[in-house]
Structure formats: structure tokens, C-alpha cells
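Printed here is upload-v9.csv (CSV, C-alpha atoms):
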```
chain,number,residue,atom,x,y,z
A,1,MET,CA,39.0,-14.4,46.4
A,2,ALA,CA,38.3,-10.7,46.4
A,3,ASN,CA,40.2,-10.2,49.6
A,4,THR,CA,43.2,-12.1,48.1
A,5,TYR,CA,43.2,-9.9,45.0
A,6,GLY,CA,42.9,-6.7,47.1
A,7,GLU,CA,45.7,-7.8,49.4
A,8,SER,CA,47.9,-8.6,46.4
A,9,ALA,CA,47.3,-5.2,44.8
A,10,HIS,CA,48.0,-3.5,48.1
A,11,ASN,CA,51.3,-5.4,48.4
A,12,ASP,CA,52.2,-4.5,44.8
A,13,ASP,CA,51.6,-0.8,45.5
A,14,GLY,CA,53.8,-1.0,48.6
A,15,ILE,CA,56.6,-2.7,46.6
A,16,ILE,CA,56.4,-0.1,43.8
A,17,THR,CA,56.4,2.8,46.4
A,18,GLY,CA,59.5,1.3,48.1
A,19,ILE,CA,61.3,1.0,44.8
A,20,LEU,CA,60.5,4.6,43.8
A,21,ARG,CA,61.7,5.8,47.2
A,22,GLU,CA,64.9,3.9,46.9
A,23,MET,CA,65.6,5.2,43.4
A,24,GLU,CA,64.9,8.8,44.6
A,25,ALA,CA,67.3,8.3,47.6
A,26,THR,CA,70.0,6.9,45.3
A,27,ALA,CA,69.7,9.9,42.9
A,28,GLN,CA,69.8,12.4,45.8
A,29,ASP,CA,72.8,10.6,47.3
A,30,SER,CA,74.6,10.7,44.0
A,31,THR,CA,73.9,14.4,43.5
A,32,LEU,CA,75.1,15.2,47.0
A,33,LYS,CA,78.3,13.2,46.7
A,34,LEU,CA,79.2,15.3,43.6
A,35,PHE,CA,79.7,18.2,45.9
A,36,THR,CA,81.7,16.4,48.6
A,37,THR,CA,84.8,15.7,46.5
A,38,SER,CA,87.1,17.7,44.4
A,39,PRO,CA,86.0,18.2,40.7
A,40,PRO,CA,86.8,15.0,38.7
A,41,ILE,CA,88.1,17.2,35.8
A,42,LYS,CA,90.4,20.1,36.4
A,43,ASP,CA,91.5,22.6,33.8
A,44,ALA,CA,95.3,22.7,33.4
A,45,LEU,CA,95.1,26.4,32.7
A,46,THR,CA,95.6,28.4,35.9
A,47,THR,CA,94.2,31.9,36.2
A,48,GLU,CA,93.4,34.2,39.1
A,49,SER,CA,89.7,33.0,38.9
A,50,THR,CA,90.6,29.3,38.9
A,51,ALA,CA,93.0,29.8,41.8
A,52,ALA,CA,90.2,31.6,43.8
A,53,GLN,CA,87.7,28.8,42.9
A,54,SER,CA,90.2,26.1,44.1
A,55,GLN,CA,90.6,27.9,47.4
A,56,VAL,CA,86.8,28.1,47.8
A,57,ILE,CA,86.5,24.4,47.1
A,58,GLU,CA,89.2,23.6,49.6
A,59,ASP,CA,87.6,25.7,52.3
A,60,CYS,CA,84.1,24.3,51.7
A,61,LEU,CA,84.8,20.6,51.2
A,62,PRO,CA,85.3,19.8,54.9
A,63,TYR,CA,81.8,21.1,55.6
A,64,LEU,CA,80.1,19.5,52.6
A,65,SER,CA,81.7,16.1,53.1
A,66,GLY,CA,80.9,16.0,56.8
A,67,PHE,CA,84.6,15.6,57.7
A,68,GLN,CA,85.9,18.1,60.2
A,69,THR,CA,89.2,18.0,61.9
A,70,ASP,CA,88.1,20.5,64.4
A,71,THR,CA,84.7,19.6,65.8
A,72,SER,CA,84.7,22.3,68.5
A,73,CYS,CA,83.0,24.7,66.0
A,74,LEU,CA,80.1,22.4,65.4
A,75,ASN,CA,76.8,22.3,67.4
A,76,SER,CA,74.9,19.2,68.5
A,77,GLN,CA,73.5,18.8,65.0
A,78,ASN,CA,77.1,18.9,63.5
A,79,ILE,CA,76.4,22.3,62.0
A,80,PRO,CA,78.9,25.1,62.3
A,81,LYS,CA,78.1,27.4,65.1
A,82,LEU,CA,77.2,31.0,64.3
A,83,GLU,CA,80.1,33.1,65.3
A,84,ARG,CA,78.1,36.1,66.4
A,85,GLY,CA,81.1,38.1,67.6
A,86,LYS,CA,82.9,37.9,64.3
A,87,HIS,CA,79.8,38.7,62.2
A,88,ILE,CA,79.0,41.7,64.4
A,89,ARG,CA,82.6,43.0,64.1
A,90,PHE,CA,82.5,42.6,60.3
A,91,LEU,CA,79.2,44.4,60.0
A,92,GLU,CA,80.2,47.2,62.3
A,93,ASN,CA,83.4,47.7,60.3
A,94,SER,CA,81.3,47.9,57.1
A,95,ILE,CA,79.4,50.8,58.6
A,96,LYS,CA,82.3,52.6,60.2
A,97,LYS,CA,84.9,52.4,57.4
A,98,GLY,CA,85.2,55.1,54.8
A,99,ARG,CA,83.7,54.7,51.3
A,100,SER,CA,86.0,52.7,49.1
A,101,VAL,CA,86.2,52.7,45.3
A,102,GLY,CA,84.6,49.2,45.2
A,103,GLU,CA,81.6,50.5,47.0
A,104,ASP,CA,81.3,53.7,45.0
A,105,ALA,CA,78.0,52.8,43.3
A,106,TYR,CA,76.2,50.9,46.1
A,107,ARG,CA,77.1,52.5,49.5
A,108,PRO,CA,73.4,52.7,50.5
A,109,TRP,CA,73.1,48.9,50.1
A,110,ILE,CA,76.2,48.3,52.2
A,111,LEU,CA,74.6,50.3,55.0
A,112,TYR,CA,71.2,48.5,54.6
A,113,TRP,CA,72.7,45.0,54.6
A,114,SER,CA,74.9,45.8,57.5
A,115,LEU,CA,72.2,47.4,59.6
A,116,THR,CA,69.8,44.6,58.9
A,117,GLY,CA,72.4,42.0,59.9
A,118,LEU,CA,73.2,43.8,63.1
A,119,ASN,CA,69.5,44.1,63.9
A,120,LEU,CA,69.0,40.4,63.4
A,121,LEU,CA,72.0,39.6,65.6
A,122,GLY,CA,70.3,41.6,68.4
A,123,LYS,CA,72.5,44.7,68.3
A,124,ASP,CA,71.0,48.2,68.9
A,125,VAL,CA,71.4,50.0,65.6
A,126,LYS,CA,70.1,53.4,67.0
A,127,VAL,CA,73.7,54.3,67.9
A,128,TYR,CA,74.3,54.7,64.1
A,129,ARG,CA,71.7,57.3,63.5
A,130,GLU,CA,74.0,60.2,63.1
A,131,SER,CA,76.7,58.4,61.1
A,132,VAL,CA,74.1,56.9,58.7
A,133,ALA,CA,72.5,60.2,58.2
A,134,LYS,CA,75.9,61.9,57.6
A,135,THR,CA,76.9,59.2,55.1
A,136,LEU,CA,73.6,59.3,53.1
A,137,ALA,CA,73.1,63.1,53.1
A,138,PRO,CA,75.5,63.8,50.2
A,139,MET,CA,73.8,61.0,48.1
A,140,GLN,CA,70.4,62.7,48.2
A,141,ASN,CA,69.7,64.8,45.1
A,142,ALA,CA,67.7,68.0,44.9
A,143,GLY,CA,65.4,66.4,42.3
A,144,GLY,CA,64.5,63.7,44.7
A,145,GLY,CA,65.8,60.2,45.6
A,146,PHE,CA,69.3,59.0,46.3
A,147,GLY,CA,72.2,57.9,44.2
A,148,GLY,CA,74.6,55.1,44.8
A,149,GLY,CA,77.2,57.6,46.0
A,150,PRO,CA,77.8,61.3,46.3
A,151,GLY,CA,77.2,63.1,43.0
A,152,GLN,CA,75.5,60.2,41.3
A,153,ARG,CA,72.1,60.3,39.7
A,154,SER,CA,69.1,59.1,41.7
A,155,HIS,CA,68.0,55.5,41.1
A,156,LEU,CA,65.2,53.5,42.6
A,157,ALA,CA,67.5,50.8,44.0
A,158,PRO,CA,69.8,52.9,46.1
A,159,SER,CA,66.9,55.1,47.1
A,160,TYR,CA,65.1,52.1,48.4
A,161,ALA,CA,68.2,51.0,50.4
A,162,ALA,CA,68.8,54.6,51.7
A,163,VAL,CA,65.2,55.1,52.9
A,164,LEU,CA,65.1,51.7,54.6
A,165,SER,CA,68.5,52.3,56.2
A,166,LEU,CA,67.3,55.6,57.7
A,167,ALA,CA,64.0,54.0,58.8
A,168,THR,CA,66.0,51.1,60.4
A,169,VAL,CA,68.0,53.4,62.7
A,170,GLY,CA,65.0,55.7,63.2
A,171,GLY,CA,64.9,59.0,65.0
A,172,ASP,CA,64.4,62.6,63.9
A,173,VAL,CA,67.9,63.0,62.7
A,174,SER,CA,67.5,60.2,60.2
A,175,LEU,CA,63.9,60.5,59.1
A,176,ASP,CA,64.1,64.3,58.8
A,177,LEU,CA,67.0,63.9,56.3
A,178,ILE,CA,64.6,62.6,53.7
A,179,ASP,CA,63.2,65.4,51.4
A,180,ARG,CA,59.8,63.9,51.2
A,181,ARG,CA,58.3,66.3,48.7
A,182,SER,CA,61.1,65.8,46.2
A,183,LEU,CA,61.1,62.1,46.9
A,184,LEU,CA,57.4,61.8,45.9
A,185,VAL,CA,58.0,63.9,42.9
A,186,TYR,CA,60.9,61.7,41.9
A,187,ILE,CA,58.9,58.5,42.4
A,188,SER,CA,56.0,59.9,40.3
A,189,ALA,CA,58.3,61.0,37.5
A,190,THR,CA,60.1,57.7,37.4
A,191,LYS,CA,56.8,55.8,37.3
A,192,MET,CA,55.5,57.8,34.3
A,193,SER,CA,58.8,58.1,32.4
A,194,LYS,CA,59.2,56.4,29.1
A,195,ALA,CA,62.5,54.8,30.3
A,196,HIS,CA,60.7,53.2,33.2
A,197,LYS,CA,57.9,51.9,31.1
A,198,GLN,CA,60.6,50.1,29.0
A,199,SER,CA,62.3,48.7,32.0
A,200,ILE,CA,59.0,47.2,33.3
A,201,GLN,CA,59.1,44.7,30.4
A,202,ASP,CA,61.7,42.6,32.3
A,203,GLY,CA,59.8,43.1,35.6
A,204,ASN,CA,62.8,44.8,37.4
A,205,GLY,CA,61.4,48.3,37.1
A,206,SER,CA,58.0,47.6,38.5
A,207,VAL,CA,59.4,45.6,41.4
A,208,ASN,CA,61.9,48.3,42.4
A,209,LEU,CA,59.2,50.9,42.1
A,210,SER,CA,56.8,49.0,44.4
A,211,LYS,CA,59.6,48.5,46.9
A,212,MET,CA,60.5,52.2,46.8
A,213,MET,CA,56.9,53.4,47.1
A,214,ALA,CA,56.3,51.0,50.1
A,215,ALA,CA,59.5,52.1,51.9
A,216,SER,CA,58.9,55.8,51.4
A,217,GLY,CA,55.3,55.3,52.3
A,218,CYS,CA,56.3,53.9,55.7
A,219,ALA,CA,58.6,56.9,56.3
A,220,LEU,CA,55.9,59.4,55.3
A,221,THR,CA,53.2,57.6,57.4
A,222,GLU,CA,55.4,57.7,60.5
A,223,ARG,CA,55.9,61.4,60.0
A,224,LYS,CA,52.2,62.0,59.6
A,225,MET,CA,51.4,60.0,62.7
A,226,SER,CA,53.9,62.1,64.7
A,227,GLY,CA,52.2,65.3,63.6
A,228,THR,CA,55.0,66.5,61.3
A,229,GLU,CA,54.0,68.0,58.0
A,230,ILE,CA,55.3,66.5,54.8
```
The structure in this file should be written as C-alpha cells.
Amino acid sequence: MANTYGESAHNDDGIITGILREMEATAQDSTLKLFTTSPPIKDALTTESTAAQSQVIEDCLPYLSGFQTDTSCLNSQNIPKLERGKHIRFLENSIKKGRSVGEDAYRPWILYWSLTGLNLLGKDVKVYRESVAKTLAPMQNAGGGFGGGPGQRSHLAPSYAAVLSLATVGGDVSLDLIDRRSLLVYISATKMSKAHKQSIQDGNGSVNLSKMMAASGCALTERKMSGTEI
């Protein structure tokens, strides 16, 4: 009798588990289908933003729906192949092209993202040592740190990107560009300033400071290990 009851309970558990899994799969399937078709409701008002959104939807739907007219760009798992050549050319152009108005406040970040991408794609980024140093030099301020562009006030975010960009390409030309003494003074002043204490409330200030201190610490450590005085 006990065995019969135990088997019945075990079977009930299996049935319940099966039902729950089916419900979960149905919910996931419904959610996924939502992104494989055009929006069911479309605003009649057409603006530059809605036109751009419609173009993005049109470009992405073939991939999200699994329907591809050209399957030559898919790998064995039906996932688009990484077009390394195109990505490399795009990233190289981002480094080589002149500073545009749209990049006026975050040029160090453009360099950092581009160099990181090229590095991940297996390209030797050492060839950009001189150009990166030349680009970032006017952004370094006498009071320490880097601004988002020439003549702009220093900020932790672009300073973080600038230091890591120089560390990524490496070499004396790049690392010697960093005014380490003024950088440390700037970091200390930023850490203790009233404005920074206020920014810590949302977590952003403290995170950026930690990143900046870690990045500059790596550069300083490398210089100490090589026998160069700070």
C-alpha cells in the first residue's frame, strides 16, 4: 500500500513538473514571437525617429524571425558570421579619422573602444602608439587628468579611457605622456572634493574613481618596475 502511495505521489510530481515546464516554454515562445514580427500597433505620425526605428526593425526582423534570404552569411548554427574584415576597417577608421563635432566630448572613449575591439580581433595595436599619444596629448591638463577633448576640463571618465588607451598600445612614447604626479594629485583632489562626495550618492562617482585609480595604478606600477621614477 505504501509503495502504491509513493508511486502515485511520484507520478503526480512528474505531471506537475511537466505542466510547469510546458507553461514556461509557452510563455517564452510568446515573448520571443513578439520580436519576430512587425509591431501590431504603428503610430500614424511619422518623424525622423520613427522612420529610423522602422528601418532598424526592417533590418533586424530577418535575423530575429530566423528567416534569411541569403544563408551564405550564416554559420553551421544559423548565426551570422563575424565579418572580421569589415569590423577591423571600421575600427581602424575610427582611430585614423580626425576628431568630429559629434565626438568632441568623448574622443578618449572612441580610442579606447576601437583599440580594445582591434585587440580582441587579433590586430597588433602597437602600430598606433604615436598616433594615440599625439591625439591624447592636447587633452591632458596641467592640473592632472584628461578632458573629453582639447581644452576641456579633466574628468574621471575620459581620464580612465585615456590612460587605458595609452596602456593598451604600450611603449615609452605612450606611457611617458602621462604626467603621473599631476594625475595622482588630480585623483586625490577629486576623491576629497565636496562635488565628488555628492556624486557618490548615486554610485557613479565612486565607481569611476575606482576604475581611474586602478588604471593609473597599473601605469605607475609598470613605470616603477622598469626603473623609471614617477
Report task. To one decimal in Å, tell me the separation between atom CA of Val125 of chain A and atom CA of Phe146 of chain A. Result -> 21.4 Å
Requested in this report: Mind checking which residues fall within 8 Å of segment 107-124 of chain A, counting only C-alpha atoms, ignoring those fewer than 5 positions away in the same chain, and posting them as a list in words?
Outcome: Arg84, Ile88, Leu91, Glu92, Ser94, Ile95, Arg99, Val132, Leu136, Gly148, Gly149, Pro158, Ser159, Ala161, Ala162, Leu164, Ser165, Thr168 and Val169 of chain A
Query - Point-to-point distance from atom CA of Arg129 of chain A to atom CA of Leu82 of chain A, Å rounded to tenths - result: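 Taking atom CA of Arg129 of chain A and atom CA of Leu82 of chain A, their separation equals 26.9 Å.
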Query - A:Lys81, A:Lys42, A:Lys126, A:His87 ranked by distance to Gly170 of chain A, top pick (using only C-alpha atoms) - result: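 Looking only at the distances to Gly170 of chain A, the closest residue turns out to be A:Lys126.
Between atom CA of Ala189 of chain A and atom CA of Val163 of chain A there is a distance of 17.9 Å.
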Query raised in the report: Pick from A:Ala52, A:Leu177, A:Ile187, A:Ala133: nearest to Gly145 of chain A, with only C-alpha atoms counted?
Result: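 The closest residue to Gly145 of chain A is A:Ile187.
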Report task. Find, counting all atoms listed in the file, the residue in A:Phe90, A:Tyr128, A:Tyr106, A:Tyr186 that gets nearest to Gln152 of chain A. Result ->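 Answer, going by the shortest atom-to-atom distance: A:Tyr106.
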Query raised in the report: From the list A:Val185, A:Thr135, A:Ser49, A:Thr190, which residue is nearest Leu156 of chain A when using only C-alpha atoms?
Result: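 Ranking A:Val185, A:Thr135, A:Ser49, A:Thr190 by distance to Leu156 of chain A, first place goes to A:Thr190.
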